[in-house]
$ cat upload_8.cif   # mmCIF, N, CA and C atoms
data_my_file
#
loop_
_atom_site.label_atom_id
_atom_site.label_comp_id
_atom_site.auth_asym_id
_atom_site.auth_seq_id
_atom_site.Cartn_x
_atom_site.Cartn_y
_atom_site.Cartn_z
N MET X 1 15.06 -42.01 1.84
CA MET X 1 14.44 -40.73 1.47
C MET X 1 15.50 -39.64 1.48
N SER X 2 15.49 -38.82 0.50
CA SER X 2 16.44 -37.72 0.38
C SER X 2 16.17 -36.64 1.42
N ASN X 3 17.23 -35.99 1.87
CA ASN X 3 17.10 -34.91 2.84
C ASN X 3 17.43 -33.56 2.20
N ILE X 4 17.16 -33.41 0.92
CA ILE X 4 17.51 -32.15 0.26
C ILE X 4 16.73 -30.97 0.85
N LEU X 5 15.52 -31.21 1.30
CA LEU X 5 14.73 -30.12 1.88
C LEU X 5 15.39 -29.61 3.16
N GLY X 6 15.88 -30.51 4.00
CA GLY X 6 16.57 -30.10 5.22
C GLY X 6 17.87 -29.38 4.93
N THR X 7 18.63 -29.90 3.98
CA THR X 7 19.88 -29.25 3.59
C THR X 7 19.61 -27.86 3.05
N ALA X 8 18.61 -27.74 2.18
CA ALA X 8 18.28 -26.45 1.58
C ALA X 8 17.85 -25.45 2.66
N ARG X 9 17.07 -25.91 3.63
CA ARG X 9 16.61 -25.00 4.68
C ARG X 9 17.79 -24.51 5.53
N HIS X 10 18.71 -25.40 5.87
CA HIS X 10 19.89 -24.99 6.64
C HIS X 10 20.72 -23.98 5.85
N PHE X 11 20.90 -24.25 4.56
CA PHE X 11 21.64 -23.32 3.72
C PHE X 11 20.93 -21.97 3.65
N PHE X 12 19.64 -21.99 3.37
CA PHE X 12 18.86 -20.76 3.25
C PHE X 12 18.99 -19.91 4.50
N GLU X 13 18.80 -20.51 5.66
CA GLU X 13 18.87 -19.77 6.92
C GLU X 13 20.27 -19.19 7.15
N ALA X 14 21.30 -19.97 6.84
CA ALA X 14 22.68 -19.49 7.02
C ALA X 14 22.99 -18.35 6.05
N CYS X 15 22.60 -18.51 4.81
CA CYS X 15 22.89 -17.50 3.80
C CYS X 15 22.14 -16.21 4.10
N GLU X 16 20.86 -16.31 4.40
CA GLU X 16 20.03 -15.13 4.61
C GLU X 16 20.32 -14.40 5.92
N THR X 17 21.00 -15.02 6.83
CA THR X 17 21.37 -14.35 8.08
C THR X 17 22.83 -13.91 8.08
N GLY X 18 23.47 -13.97 6.89
CA GLY X 18 24.81 -13.42 6.72
C GLY X 18 25.94 -14.24 7.31
N LYS X 19 25.77 -15.54 7.38
CA LYS X 19 26.84 -16.39 7.93
C LYS X 19 28.02 -16.54 6.98
N GLY X 20 27.79 -16.27 5.70
CA GLY X 20 28.88 -16.34 4.72
C GLY X 20 29.25 -17.76 4.34
N TRP X 21 30.22 -17.85 3.47
CA TRP X 21 30.64 -19.13 2.92
C TRP X 21 31.22 -20.07 3.97
N ASP X 22 31.82 -19.52 5.01
CA ASP X 22 32.40 -20.37 6.06
C ASP X 22 31.38 -21.34 6.64
N VAL X 23 30.13 -20.93 6.74
CA VAL X 23 29.06 -21.80 7.24
C VAL X 23 28.31 -22.46 6.09
N CYS X 24 28.01 -21.69 5.05
CA CYS X 24 27.18 -22.20 3.94
C CYS X 24 27.84 -23.32 3.14
N ASN X 25 29.16 -23.35 3.09
CA ASN X 25 29.83 -24.35 2.25
C ASN X 25 29.54 -25.78 2.68
N ALA X 26 29.15 -25.99 3.92
CA ALA X 26 28.84 -27.34 4.40
C ALA X 26 27.65 -27.95 3.66
N PHE X 27 26.84 -27.13 3.03
CA PHE X 27 25.63 -27.59 2.37
C PHE X 27 25.75 -27.62 0.84
N CYS X 28 26.95 -27.31 0.34
CA CYS X 28 27.15 -27.13 -1.10
C CYS X 28 28.34 -27.93 -1.61
N THR X 29 28.34 -28.20 -2.90
CA THR X 29 29.53 -28.76 -3.52
C THR X 29 30.60 -27.67 -3.52
N SER X 30 31.84 -28.05 -3.58
CA SER X 30 32.93 -27.07 -3.50
C SER X 30 32.94 -26.11 -4.70
N ASP X 31 32.39 -26.56 -5.82
CA ASP X 31 32.38 -25.73 -7.03
C ASP X 31 30.96 -25.27 -7.39
N ALA X 32 30.10 -25.11 -6.39
CA ALA X 32 28.70 -24.73 -6.63
C ALA X 32 28.63 -23.40 -7.38
N THR X 33 27.75 -23.35 -8.36
CA THR X 33 27.61 -22.17 -9.20
C THR X 33 26.37 -21.37 -8.82
N PHE X 34 26.34 -20.14 -9.33
CA PHE X 34 25.25 -19.21 -9.01
C PHE X 34 24.90 -18.43 -10.27
N SER X 35 23.61 -18.13 -10.42
CA SER X 35 23.20 -17.25 -11.51
C SER X 35 22.00 -16.41 -11.08
N SER X 36 21.90 -15.24 -11.70
CA SER X 36 20.78 -14.34 -11.46
C SER X 36 20.75 -13.33 -12.60
N GLN X 37 19.57 -13.10 -13.15
CA GLN X 37 19.45 -12.13 -14.23
C GLN X 37 19.20 -10.75 -13.62
N THR X 38 20.22 -10.25 -12.93
CA THR X 38 20.16 -8.95 -12.27
C THR X 38 21.46 -8.20 -12.53
N THR X 39 21.37 -6.88 -12.52
CA THR X 39 22.57 -6.07 -12.68
C THR X 39 23.42 -6.14 -11.41
N ALA X 40 22.77 -6.08 -10.25
CA ALA X 40 23.50 -6.05 -8.98
C ALA X 40 24.36 -7.30 -8.76
N LEU X 41 23.95 -8.43 -9.32
CA LEU X 41 24.66 -9.69 -9.09
C LEU X 41 25.34 -10.22 -10.35
N SER X 42 25.45 -9.40 -11.38
CA SER X 42 25.94 -9.86 -12.67
C SER X 42 27.38 -10.37 -12.65
N GLU X 43 28.17 -9.92 -11.72
CA GLU X 43 29.57 -10.35 -11.64
C GLU X 43 29.76 -11.61 -10.81
N ILE X 44 28.72 -12.12 -10.19
CA ILE X 44 28.83 -13.27 -9.29
C ILE X 44 28.41 -14.53 -10.03
N SER X 45 29.30 -15.53 -10.06
CA SER X 45 29.00 -16.78 -10.75
C SER X 45 29.18 -18.01 -9.87
N THR X 46 29.60 -17.79 -8.62
CA THR X 46 29.76 -18.92 -7.70
C THR X 46 28.84 -18.71 -6.49
N LEU X 47 28.45 -19.82 -5.90
CA LEU X 47 27.61 -19.72 -4.71
C LEU X 47 28.42 -19.15 -3.54
N GLU X 48 29.70 -19.41 -3.52
CA GLU X 48 30.58 -18.79 -2.52
C GLU X 48 30.51 -17.27 -2.63
N GLY X 49 30.62 -16.76 -3.85
CA GLY X 49 30.55 -15.31 -4.06
C GLY X 49 29.24 -14.73 -3.62
N TYR X 50 28.15 -15.43 -3.89
CA TYR X 50 26.84 -14.93 -3.48
C TYR X 50 26.68 -14.93 -1.96
N CYS X 51 27.12 -15.99 -1.31
CA CYS X 51 27.03 -16.05 0.16
C CYS X 51 27.81 -14.91 0.80
N GLU X 52 28.96 -14.59 0.25
CA GLU X 52 29.75 -13.47 0.78
C GLU X 52 29.08 -12.13 0.47
N TRP X 53 28.41 -12.02 -0.68
CA TRP X 53 27.67 -10.80 -1.02
C TRP X 53 26.54 -10.58 -0.02
N MET X 54 25.82 -11.65 0.30
CA MET X 54 24.72 -11.54 1.28
C MET X 54 25.27 -11.13 2.65
N LYS X 55 26.39 -11.70 3.03
CA LYS X 55 27.02 -11.34 4.30
C LYS X 55 27.35 -9.84 4.31
N GLY X 56 27.89 -9.35 3.21
CA GLY X 56 28.24 -7.94 3.10
C GLY X 56 27.03 -7.02 3.07
N LEU X 57 25.90 -7.50 2.55
CA LEU X 57 24.69 -6.68 2.48
C LEU X 57 24.17 -6.30 3.87
N LEU X 58 24.47 -7.13 4.85
CA LEU X 58 23.98 -6.86 6.20
C LEU X 58 24.81 -5.81 6.93
N THR X 59 25.83 -5.27 6.30
CA THR X 59 26.56 -4.13 6.88
C THR X 59 25.78 -2.84 6.69
N PRO X 60 25.39 -2.47 5.46
CA PRO X 60 24.58 -1.26 5.32
C PRO X 60 23.13 -1.46 5.77
N ILE X 61 22.68 -2.71 5.80
CA ILE X 61 21.30 -3.02 6.21
C ILE X 61 21.38 -3.98 7.40
N PRO X 62 21.80 -3.48 8.57
CA PRO X 62 22.06 -4.38 9.71
C PRO X 62 20.83 -5.08 10.26
N ASP X 63 19.64 -4.55 10.01
CA ASP X 63 18.43 -5.22 10.47
C ASP X 63 17.81 -6.11 9.40
N GLY X 64 18.56 -6.39 8.34
CA GLY X 64 18.06 -7.21 7.24
C GLY X 64 17.60 -8.57 7.73
N HIS X 65 16.42 -8.96 7.28
CA HIS X 65 15.87 -10.26 7.66
C HIS X 65 14.87 -10.71 6.60
N TYR X 66 14.56 -11.99 6.60
CA TYR X 66 13.65 -12.52 5.61
C TYR X 66 12.34 -12.96 6.25
N GLU X 67 11.30 -12.91 5.43
CA GLU X 67 9.98 -13.42 5.78
C GLU X 67 9.70 -14.55 4.79
N LEU X 68 9.79 -15.78 5.26
CA LEU X 68 9.63 -16.94 4.39
C LEU X 68 8.16 -17.16 4.05
N LYS X 69 7.87 -17.32 2.77
CA LYS X 69 6.51 -17.50 2.27
C LYS X 69 6.24 -18.92 1.77
N PHE X 70 7.28 -19.57 1.22
CA PHE X 70 7.11 -20.88 0.59
C PHE X 70 8.45 -21.59 0.58
N PHE X 71 8.41 -22.90 0.85
CA PHE X 71 9.63 -23.71 0.82
C PHE X 71 9.21 -25.13 0.48
N ALA X 72 9.69 -25.66 -0.65
CA ALA X 72 9.28 -27.00 -1.07
C ALA X 72 10.36 -27.67 -1.90
N ALA X 73 10.33 -29.00 -1.85
CA ALA X 73 11.29 -29.80 -2.61
C ALA X 73 10.58 -30.58 -3.71
N ASP X 74 11.29 -30.77 -4.81
CA ASP X 74 10.90 -31.69 -5.86
C ASP X 74 12.00 -32.74 -5.87
N VAL X 75 11.78 -33.81 -5.12
CA VAL X 75 12.82 -34.82 -4.94
C VAL X 75 13.16 -35.49 -6.27
N ALA X 76 12.18 -35.72 -7.11
CA ALA X 76 12.43 -36.37 -8.40
C ALA X 76 13.37 -35.54 -9.27
N ASP X 77 13.21 -34.22 -9.24
CA ASP X 77 14.07 -33.34 -10.04
C ASP X 77 15.27 -32.82 -9.25
N LYS X 78 15.41 -33.27 -8.01
CA LYS X 78 16.55 -32.91 -7.16
C LYS X 78 16.70 -31.40 -7.02
N SER X 79 15.59 -30.73 -6.68
CA SER X 79 15.65 -29.29 -6.51
C SER X 79 14.71 -28.83 -5.41
N VAL X 80 15.01 -27.63 -4.89
CA VAL X 80 14.21 -27.00 -3.84
C VAL X 80 14.00 -25.55 -4.24
N ALA X 81 12.79 -25.06 -3.99
CA ALA X 81 12.48 -23.65 -4.24
C ALA X 81 12.07 -22.99 -2.93
N ALA X 82 12.53 -21.75 -2.76
CA ALA X 82 12.16 -20.95 -1.59
C ALA X 82 11.73 -19.58 -2.10
N PHE X 83 10.61 -19.10 -1.58
CA PHE X 83 10.12 -17.77 -1.88
C PHE X 83 10.06 -17.00 -0.58
N ALA X 84 10.64 -15.80 -0.56
CA ALA X 84 10.67 -15.00 0.66
C ALA X 84 10.64 -13.52 0.30
N VAL X 85 10.50 -12.71 1.33
CA VAL X 85 10.58 -11.26 1.20
C VAL X 85 11.70 -10.80 2.13
N PHE X 86 12.65 -10.05 1.56
CA PHE X 86 13.75 -9.49 2.36
C PHE X 86 13.33 -8.11 2.83
N HIS X 87 13.47 -7.87 4.13
CA HIS X 87 13.12 -6.59 4.74
C HIS X 87 14.35 -5.99 5.42
N GLY X 88 14.43 -4.68 5.46
CA GLY X 88 15.50 -4.02 6.19
C GLY X 88 15.55 -2.54 5.85
N THR X 89 16.36 -1.83 6.63
CA THR X 89 16.54 -0.39 6.44
C THR X 89 18.02 -0.08 6.39
N GLN X 90 18.41 0.77 5.44
CA GLN X 90 19.83 1.14 5.36
C GLN X 90 20.14 2.18 6.42
N THR X 91 20.70 1.71 7.52
CA THR X 91 21.14 2.60 8.59
C THR X 91 22.65 2.52 8.81
N GLY X 92 23.28 1.52 8.19
CA GLY X 92 24.72 1.34 8.36
C GLY X 92 25.51 1.86 7.18
N GLU X 93 26.81 2.05 7.41
CA GLU X 93 27.74 2.43 6.35
C GLU X 93 28.00 1.23 5.46
N GLY X 94 28.58 1.47 4.31
CA GLY X 94 29.01 0.38 3.45
C GLY X 94 28.18 0.22 2.19
N GLY X 95 27.12 0.97 2.06
CA GLY X 95 26.35 0.92 0.83
C GLY X 95 26.99 1.80 -0.22
N PRO X 96 26.37 1.90 -1.37
CA PRO X 96 26.92 2.75 -2.43
C PRO X 96 26.76 4.24 -2.14
N VAL X 97 25.94 4.57 -1.15
CA VAL X 97 25.74 5.95 -0.72
C VAL X 97 25.69 5.96 0.80
N PRO X 98 25.86 7.12 1.44
CA PRO X 98 25.73 7.16 2.90
C PRO X 98 24.34 6.66 3.32
N PRO X 99 24.16 6.25 4.57
CA PRO X 99 22.87 5.71 5.02
C PRO X 99 21.70 6.62 4.63
N THR X 100 20.70 6.00 4.01
CA THR X 100 19.53 6.74 3.54
C THR X 100 18.36 6.69 4.52
N GLY X 101 18.36 5.71 5.41
CA GLY X 101 17.23 5.52 6.31
C GLY X 101 16.02 4.94 5.60
N LYS X 102 16.17 4.58 4.33
CA LYS X 102 15.06 4.03 3.56
C LYS X 102 15.01 2.51 3.73
N SER X 103 13.80 1.98 3.58
CA SER X 103 13.57 0.55 3.80
C SER X 103 13.30 -0.18 2.50
N ILE X 104 13.50 -1.49 2.58
CA ILE X 104 13.29 -2.38 1.45
C ILE X 104 12.34 -3.49 1.86
N ALA X 105 11.51 -3.90 0.91
CA ALA X 105 10.68 -5.10 1.02
C ALA X 105 10.76 -5.76 -0.36
N ALA X 106 11.67 -6.71 -0.50
CA ALA X 106 12.00 -7.28 -1.81
C ALA X 106 11.59 -8.74 -1.90
N ASP X 107 10.71 -9.05 -2.85
CA ASP X 107 10.34 -10.44 -3.14
C ASP X 107 11.50 -11.09 -3.88
N TYR X 108 11.77 -12.36 -3.56
CA TYR X 108 12.79 -13.10 -4.28
C TYR X 108 12.54 -14.60 -4.15
N VAL X 109 13.14 -15.33 -5.08
CA VAL X 109 13.04 -16.79 -5.09
C VAL X 109 14.43 -17.37 -5.25
N TYR X 110 14.71 -18.41 -4.49
CA TYR X 110 15.91 -19.23 -4.69
C TYR X 110 15.45 -20.54 -5.31
N HIS X 111 16.15 -20.97 -6.35
CA HIS X 111 15.96 -22.32 -6.88
C HIS X 111 17.29 -23.03 -6.73
N MET X 112 17.31 -24.07 -5.90
CA MET X 112 18.54 -24.79 -5.59
C MET X 112 18.52 -26.17 -6.23
N GLU X 113 19.55 -26.48 -7.01
CA GLU X 113 19.70 -27.78 -7.66
C GLU X 113 20.73 -28.59 -6.90
N PHE X 114 20.47 -29.89 -6.78
CA PHE X 114 21.30 -30.75 -5.94
C PHE X 114 22.08 -31.80 -6.73
N ASP X 115 23.25 -32.12 -6.19
CA ASP X 115 24.04 -33.27 -6.59
C ASP X 115 24.13 -34.11 -5.33
N GLY X 116 23.37 -35.18 -5.28
CA GLY X 116 23.28 -35.95 -4.05
C GLY X 116 22.60 -35.12 -2.98
N GLU X 117 23.28 -34.94 -1.86
CA GLU X 117 22.73 -34.18 -0.74
C GLU X 117 23.26 -32.75 -0.66
N GLN X 118 23.99 -32.30 -1.69
CA GLN X 118 24.59 -30.97 -1.65
C GLN X 118 24.10 -30.10 -2.81
N ILE X 119 24.01 -28.80 -2.56
CA ILE X 119 23.59 -27.84 -3.59
C ILE X 119 24.73 -27.68 -4.59
N LYS X 120 24.40 -27.85 -5.88
CA LYS X 120 25.42 -27.69 -6.92
C LYS X 120 25.23 -26.39 -7.71
N HIS X 121 24.00 -25.85 -7.69
CA HIS X 121 23.73 -24.61 -8.40
C HIS X 121 22.53 -23.92 -7.76
N MET X 122 22.59 -22.60 -7.71
CA MET X 122 21.44 -21.84 -7.23
C MET X 122 21.19 -20.67 -8.17
N THR X 123 19.92 -20.47 -8.48
CA THR X 123 19.47 -19.32 -9.25
C THR X 123 18.66 -18.44 -8.32
N LYS X 124 18.92 -17.13 -8.35
CA LYS X 124 18.12 -16.18 -7.59
C LYS X 124 17.28 -15.37 -8.57
N ILE X 125 15.98 -15.34 -8.32
CA ILE X 125 15.06 -14.55 -9.13
C ILE X 125 14.66 -13.35 -8.27
N TRP X 126 14.97 -12.14 -8.76
CA TRP X 126 14.83 -10.94 -7.95
C TRP X 126 14.81 -9.72 -8.85
N ASN X 127 13.98 -8.75 -8.55
CA ASN X 127 13.96 -7.49 -9.29
C ASN X 127 14.85 -6.50 -8.55
N ASP X 128 16.12 -6.50 -8.89
CA ASP X 128 17.07 -5.64 -8.18
C ASP X 128 16.80 -4.16 -8.43
N THR X 129 16.25 -3.80 -9.57
CA THR X 129 15.98 -2.39 -9.87
C THR X 129 15.02 -1.79 -8.85
N ILE X 130 13.93 -2.48 -8.56
CA ILE X 130 12.96 -2.00 -7.58
C ILE X 130 13.61 -1.90 -6.20
N SER X 131 14.39 -2.91 -5.82
CA SER X 131 15.05 -2.92 -4.51
C SER X 131 16.00 -1.74 -4.34
N LEU X 132 16.80 -1.48 -5.36
CA LEU X 132 17.76 -0.37 -5.29
C LEU X 132 17.03 0.96 -5.21
N GLN X 133 15.91 1.09 -5.91
CA GLN X 133 15.11 2.31 -5.83
C GLN X 133 14.53 2.48 -4.43
N GLN X 134 14.02 1.41 -3.85
CA GLN X 134 13.45 1.49 -2.50
C GLN X 134 14.48 1.99 -1.49
N LEU X 135 15.72 1.54 -1.64
CA LEU X 135 16.79 1.94 -0.71
C LEU X 135 17.36 3.32 -1.00
N GLY X 136 17.01 3.90 -2.15
CA GLY X 136 17.58 5.17 -2.55
C GLY X 136 18.98 5.02 -3.14
N TRP X 137 19.27 3.83 -3.65
CA TRP X 137 20.58 3.55 -4.23
C TRP X 137 20.58 3.73 -5.74
N ALA X 138 19.42 3.96 -6.34
CA ALA X 138 19.34 4.12 -7.80
C ALA X 138 18.35 5.22 -8.13
#

$ encode --input "upload_8.cif" --output "structure tokens"
Amino acid sequence: MSNILGTARHFFEACETGKGWDVCNAFCTSDATFSSQTTALSEISTLEGYCEWMKGLLTPIPDGHYELKFFAADVADKSVAAFAVFHGTQTGEGGPVPPTGKSIAADYVYHMEFDGEQIKHMTKIWNDTISLQQLGWA
């Protein structure tokens, strides 16, 4: 039986808590790719780049955390989907503007595709425009 669900969960937890690529790479192929139809992530095409972006996001939003809503595997199609809500308040420096004290509650989905037991590609589905407005960044 495949353990892609376990691998995906370990990756998700590491990525969403800002562990960065140093920890997340254990769950991914070395050349894992990333895509998202968002302006905020338009320059990122590798999963390494995305993991580091998430790590950096927790500087201006130090209380950033996720509320997991759904997590399931499709073993036949070698993929896992996760739906969560990201919560946090910009109280730290490092954002595009000084700390706003505004909070975010952003719905998002990860779709992770596997090569064997490792993630080879991840797509993030997220409305970055709403999130940036909530934080006062747009």

$ residues_around --input "upload_8.cif" --residues "Ala40 in chain X" --least-positions-apart "3" --cutoff "12 Å" --atoms "only C-alpha atoms" --output "mmCIF file with N, CA and C atoms, in the frame of the given file"
data_model
loop_
_atom_site.group_PDB
_atom_site.id
_atom_site.type_symbol
_atom_site.label_atom_id
_atom_site.label_comp_id
_atom_site.auth_asym_id
_atom_site.auth_seq_id
_atom_site.Cartn_x
_atom_site.Cartn_y
_atom_site.Cartn_z
ATOM 1 N N SER X 35 23.610 -18.130 -10.420
ATOM 2 C CA SER X 35 23.200 -17.250 -11.510
ATOM 3 C C SER X 35 22.000 -16.410 -11.080
ATOM 4 N N SER X 36 21.900 -15.240 -11.700
ATOM 5 C CA SER X 36 20.780 -14.340 -11.460
ATOM 6 C C SER X 36 20.750 -13.330 -12.600
ATOM 7 N N GLN X 37 19.570 -13.100 -13.150
ATOM 8 C CA GLN X 37 19.450 -12.130 -14.230
ATOM 9 C C GLN X 37 19.200 -10.750 -13.620
ATOM 10 N N GLU X 43 28.170 -9.920 -11.720
ATOM 11 C CA GLU X 43 29.570 -10.350 -11.640
ATOM 12 C C GLU X 43 29.760 -11.610 -10.810
ATOM 13 N N ILE X 44 28.720 -12.120 -10.190
ATOM 14 C CA ILE X 44 28.830 -13.270 -9.290
ATOM 15 C C ILE X 44 28.410 -14.530 -10.030
ATOM 16 N N TYR X 50 28.150 -15.430 -3.890
ATOM 17 C CA TYR X 50 26.840 -14.930 -3.480
ATOM 18 C C TYR X 50 26.680 -14.930 -1.960
ATOM 19 N N TRP X 53 28.410 -12.020 -0.680
ATOM 20 C CA TRP X 53 27.670 -10.800 -1.020
ATOM 21 C C TRP X 53 26.540 -10.580 -0.020
ATOM 22 N N MET X 54 25.820 -11.650 0.300
ATOM 23 C CA MET X 54 24.720 -11.540 1.280
ATOM 24 C C MET X 54 25.270 -11.130 2.650
ATOM 25 N N LEU X 57 25.900 -7.500 2.550
ATOM 26 C CA LEU X 57 24.690 -6.680 2.480
ATOM 27 C C LEU X 57 24.170 -6.300 3.870
ATOM 28 N N PRO X 96 26.370 1.900 -1.370
ATOM 29 C CA PRO X 96 26.920 2.750 -2.430
ATOM 30 C C PRO X 96 26.760 4.240 -2.140
ATOM 31 N N LYS X 124 18.920 -17.130 -8.350
ATOM 32 C CA LYS X 124 18.120 -16.180 -7.590
ATOM 33 C C LYS X 124 17.280 -15.370 -8.570
ATOM 34 N N ILE X 125 15.980 -15.340 -8.320
ATOM 35 C CA ILE X 125 15.060 -14.550 -9.130
ATOM 36 C C ILE X 125 14.660 -13.350 -8.270
ATOM 37 N N TRP X 126 14.970 -12.140 -8.760
ATOM 38 C CA TRP X 126 14.830 -10.940 -7.950
ATOM 39 C C TRP X 126 14.810 -9.720 -8.850
ATOM 40 N N ASN X 127 13.980 -8.750 -8.550
ATOM 41 C CA ASN X 127 13.960 -7.490 -9.290
ATOM 42 C C ASN X 127 14.850 -6.500 -8.550
ATOM 43 N N ASP X 128 16.120 -6.500 -8.890
ATOM 44 C CA ASP X 128 17.070 -5.640 -8.180
ATOM 45 C C ASP X 128 16.800 -4.160 -8.430
ATOM 46 N N THR X 129 16.250 -3.800 -9.570
ATOM 47 C CA THR X 129 15.980 -2.390 -9.870
ATOM 48 C C THR X 129 15.020 -1.790 -8.850
ATOM 49 N N ILE X 130 13.930 -2.480 -8.560
ATOM 50 C CA ILE X 130 12.960 -2.000 -7.580
ATOM 51 C C ILE X 130 13.610 -1.900 -6.200
ATOM 52 N N SER X 131 14.390 -2.910 -5.820
ATOM 53 C CA SER X 131 15.050 -2.920 -4.510
ATOM 54 C C SER X 131 16.000 -1.740 -4.340
ATOM 55 N N LEU X 132 16.800 -1.480 -5.360
ATOM 56 C CA LEU X 132 17.760 -0.370 -5.290
ATOM 57 C C LEU X 132 17.030 0.960 -5.210
ATOM 58 N N TRP X 137 19.270 3.830 -3.650
ATOM 59 C CA TRP X 137 20.580 3.550 -4.230
ATOM 60 C C TRP X 137 20.580 3.730 -5.740
ATOM 61 N N ALA X 138 19.420 3.960 -6.340
ATOM 62 C CA ALA X 138 19.340 4.120 -7.800
ATOM 63 C C ALA X 138 18.350 5.220 -8.130
#

$ atom_distance --input "upload_8.cif" --atom1 "atom C of Glu13 in chain X" --atom2 "atom C of Thr46 in chain X"
16.1 Å

$ closest_residue --input "upload_8.cif" --among "X:Ile4, X:Val109, X:Ile61, X:Ile104" --to "Phe83 in chain X" --atoms "all atoms listed in the file"
X:Val109

$ closest_residue --input "upload_8.cif" --among "X:Lys120, X:His111, X:Gly56, X:Ala8" --to "Gly20 in chain X" --atoms "all atoms listed in the file"
X:Gly56

$ atom_distance --input "upload_8.cif" --atom1 "CA of Glu113 in chain X" --atom2 "CA of Trp21 in chain X"
17.5 Å

$ closest_residue --input "upload_8.cif" --among "X:Ala106, X:Cys15, X:Gly101, X:Asp22" --to "Ala84 in chain X" --atoms "only N, CA and C atoms"
X:Ala106
